[in-house]
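Report on the following structure.
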Protein chains: 2
Amino acid sequence: MCLHLMSVHATLVAVSDVAEQGLVQEWHELLARYSAVFTTLECRLQERHGIGANEFEALERLATCDFKCRSADLTGAIHLSQSATSRLVARLEKEGLVERALCELDRRGIFVTITDAGRERYLAAKRTHREVLNETLR
Amino acid sequence: MCLHLMSVHATLVAVSDVAEQGLVQEWHELLARYSAVFTTLECRLQERHGIGANEFEALERLATCDFKCRSADLTGAIHLSQSATSRLVARLEKEGLVERALCELDRRGIFVTITDAGRERYLAAKRTHREVLNETLR
DNA sequence: CGACAGTACATGCACACGCATCTAATGTCT
DNA sequence: AGACATTAGATGCGTGTGCATGTACTGTCG
């Protein structure tokens with residue numbers, strides 16, 4: 001009776017342990033995968049086009065979605081904090097790849113628009129980006 | 001004839017575009033997934049146990065693999081540069097969670113071993129860690 | 001043995017990040 | 001209209017990171 005309960009308990013523990021191990025393994029694979037892709041992207045985009053992986057994501061967003069892109073929208077698209085996005089936009093602006101425009105309806109917000117130079121840089125970097133994804137995702 | 005070639009070309013472009021879009025989408029999902037898990041881990045591990053997600057990975061590695069854990073082994077296990085690993089170990093040591101021991105055979109290297117306090121901290125944090133994985137991985 | 005390349009880890013440096021906070025503008029409630 | 005909470009974005013600050021380099025040690029070759 002007591003043994004019976006113990007074995008049930010042991011089985012349950014074993015089952016949850018197995019499930020847990022699977023979860024941990026999944027996380028480690030996710031981490032390794034992410035890490036490999038991101039590092040390679042960062043490296044190759046930087047050396048060929050002078051922009052980081054996050055900068056590229058922002059440019060891509062701006063190049064494809066074009067209108068109604070407020071700073072807050074970018075924060076949602078790329079996975080960064082609001083402050084990091086703000087500085088990211090500042091960097092891109094300093095490089096002349098984007099422009100900040102006041103939003104007349106809500107003068108607290110700003111519109112971020114991509115410049116011609118930004119679009120050009122994006123199109124060039126896009127090839128490298130896809131190339132890296134091809135190499136590193138499976 | 002010319003039209004025929006053009007349509008073949010157009011089809012090939014379309015096919016490769018579709019494949020490319022799939023790859024991009026896969027990358028965005030990977031990024032979003034990683035970001036959600038890591039951020040939550042970082043946040044909850046920090047507030048409950050005073051360690052970051054990378055610190056936890058290092059402790060887990062040390063707690064389970066125990067012997068022959070050189071600093072370089074850690075660099076391989078967690079996805080950080082050699083210098084970041086060095087500082088990570090320094091932080092853990094300052095908190096009394098690990099110890100650095102000289103390696104007699106090769107006096108350039110060091111062995112990193114987990115302390116009792118470190119193992120205790122790890123076991124406590126492990127629950128939180130698994131909990132977060134359960135919540136955020138699907 | 002002595003010089004010289006290679007390896008393991010530490011460290012100076014610049015920089016990107018998140019958190020907390022600030023500023024300016026908007027909405028809301030009386 | 002005036003006071004107060006809320007929101008968008010900027011910024012000071014502390015910290016973690018990668019790159020380049022430094023330091024100590026090992027291995028090899030003449």
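Going by the structure tokens order, chains are called A, B, ..., each with residues numbered from 1, while ligands are numbered from 1 in the order shown.
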
Listing only residues of segment 65-100 of chain A within 8 Å of segment 10-22 of chain C, what is the closest atom pair and its distance in Å (to one decimal) for each, using only C-alpha atoms (C1' of nucleotides), sorted by chain and residue number ascending, as a Markdown table?
```
| residue | atom | partner | partner_atom | distance |
| --- | --- | --- | --- | --- |
| A:Ser81 | CA | C:DG18 | C1' | 6.9 |
| A:Ser83 | CA | C:DG18 | C1' | 7.9 |
| A:Ala84 | CA | C:DC17 | C1' | 6.5 |
```

Residues of chain D at most 8 Å from chain A: nearest atom pair and distance in Å, only C-alpha atoms (C1' of nucleotides), as CSV:
```
residue,atom,partner,partner_atom,distance
D:DA8,C1',A:Gly109,CA,5.1
D:DG9,C1',A:Gly109,CA,6.8
D:DA10,C1',A:Ser86,CA,7.4
```

Query raised in the report: Per DSSP on the backbone, what are the alpha helix (DSSP H) residues of segment 75-126 of chain A, as a count of residues only?
Result: 27

Report task. Identify, on the basis of only C-alpha atoms (C1' of nucleotides), every residue whose closest approach to Leu23 of chain A does not exceed 10 Å; exclude the query and any residue fewer than 6 positions from it along the same chain; express the result as a ChimeraX atom specification. Result -> /A:17,29 /B:130,133-134,137-138

Query raised in the report: Excluding same-chain residues fewer than 2 positions from DC29 of chain D, what lies within 10 Å of it counting only C-alpha atoms (C1' of nucleotides), as number ranges by chain?
Result: C: 3-4; D: 27

Dump C-alpha atoms (C1' of nucleotides) for the selected residues as an mmCIF file, in the first residue's frame?
```cif
data_model
loop_
_atom_site.group_PDB
_atom_site.id
_atom_site.type_symbol
_atom_site.label_atom_id
_atom_site.label_comp_id
_atom_site.auth_asym_id
_atom_site.auth_seq_id
_atom_site.Cartn_x
_atom_site.Cartn_y
_atom_site.Cartn_z
ATOM 1 C "C1'" DA C 3 63.774 32.354 -28.695
ATOM 2 C "C1'" DC C 4 59.253 32.438 -30.387
ATOM 3 C "C1'" DG D 27 54.982 23.800 -26.171
#
```

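Every protein, DNA or RNA residue with an atom at most 7 Å from Ala53 of chain B, where only C-alpha atoms (C1' of nucleotides) count and chain neighbours fewer than 5 positions away do not, is listed here: Leu41, Glu42 and Leu45 of chain B.
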
Query raised in the report: Using only C-alpha atoms, which chain B residues lie at most 12 Å away from chain A, written as number ranges by chain?
Result: B: 16-17, 19-39, 41, 53-54, 57, 60-61, 76-81, 126-127, 129-138

Store the residues picked out above, limited to C-alpha atoms, as an mmCIF file, in the first residue's frame.
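What follows is the written file out01.cif:
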```cif
data_model
loop_
_atom_site.group_PDB
_atom_site.id
_atom_site.type_symbol
_atom_site.label_atom_id
_atom_site.label_comp_id
_atom_site.auth_asym_id
_atom_site.auth_seq_id
_atom_site.Cartn_x
_atom_site.Cartn_y
_atom_site.Cartn_z
ATOM 1 C CA SER B 16 12.628 32.189 -53.998
ATOM 2 C CA ASP B 17 10.765 35.181 -52.581
ATOM 3 C CA ALA B 19 11.149 30.790 -49.440
ATOM 4 C CA GLU B 20 12.926 33.941 -48.312
ATOM 5 C CA GLN B 21 9.825 35.273 -46.618
ATOM 6 C CA GLY B 22 9.448 31.996 -44.783
ATOM 7 C CA LEU B 23 12.994 32.254 -43.565
ATOM 8 C CA VAL B 24 12.491 35.821 -42.405
ATOM 9 C CA GLN B 25 9.312 34.870 -40.599
ATOM 10 C CA GLU B 26 11.065 31.964 -38.923
ATOM 11 C CA TRP B 27 13.774 34.342 -37.742
ATOM 12 C CA HIS B 28 11.248 36.805 -36.359
ATOM 13 C CA GLU B 29 9.484 34.054 -34.480
ATOM 14 C CA LEU B 30 12.769 32.795 -33.094
ATOM 15 C CA LEU B 31 13.668 36.315 -32.040
ATOM 16 C CA ALA B 32 10.306 36.965 -30.407
ATOM 17 C CA ARG B 33 10.370 33.639 -28.604
ATOM 18 C CA TYR B 34 13.907 34.079 -27.345
ATOM 19 C CA SER B 35 13.227 37.612 -26.304
ATOM 20 C CA ALA B 36 10.124 36.739 -24.310
ATOM 21 C CA VAL B 37 11.754 33.859 -22.463
ATOM 22 C CA PHE B 38 15.035 35.612 -21.759
ATOM 23 C CA THR B 39 13.488 38.848 -20.559
ATOM 24 C CA LEU B 41 13.874 34.812 -16.903
ATOM 25 C CA ALA B 53 19.758 34.411 -16.601
ATOM 26 C CA ASN B 54 23.358 33.913 -17.709
ATOM 27 C CA GLU B 57 23.070 28.966 -16.797
ATOM 28 C CA GLU B 60 23.424 25.009 -13.625
ATOM 29 C CA ARG B 61 26.371 23.914 -15.679
ATOM 30 C CA GLY B 76 31.267 27.025 -24.633
ATOM 31 C CA ALA B 77 28.203 26.190 -22.566
ATOM 32 C CA ILE B 78 26.719 29.648 -22.157
ATOM 33 C CA HIS B 79 26.670 31.758 -25.281
ATOM 34 C CA LEU B 80 29.023 34.544 -24.277
ATOM 35 C CA SER B 81 32.461 35.693 -25.289
ATOM 36 C CA LYS B 126 15.876 26.228 -10.533
ATOM 37 C CA ARG B 127 12.208 26.205 -9.530
ATOM 38 C CA HIS B 129 13.626 28.908 -13.944
ATOM 39 C CA ARG B 130 11.438 25.907 -14.781
ATOM 40 C CA GLU B 131 8.346 27.870 -13.896
ATOM 41 C CA VAL B 132 9.240 30.585 -16.366
ATOM 42 C CA LEU B 133 10.039 28.064 -19.089
ATOM 43 C CA ASN B 134 6.655 26.482 -18.518
ATOM 44 C CA GLU B 135 4.938 29.815 -18.857
ATOM 45 C CA THR B 136 6.806 31.194 -21.824
ATOM 46 C CA LEU B 137 7.633 28.206 -24.020
ATOM 47 C CA ARG B 138 4.321 27.604 -25.675
#
```

Requested in this report: Within 12 Å of Gly50 of chain B, counting only C-alpha atoms (C1' of nucleotides), which residues show up once you throw out same-chain ones fewer than 5 positions away? Write them as a PyMOL selection string, please.
Outcome: chain B and resi 41-45+55-56+91-92+95+97+118+121-122+124-125+128

Requested in this report: Compare A:Leu74, A:Leu105, A:Val18, A:Val112 by their minimum atom-to-atom distance to chain C, counting only C-alpha atoms (C1' of nucleotides), and give me the closest one.
Outcome: A:Leu105
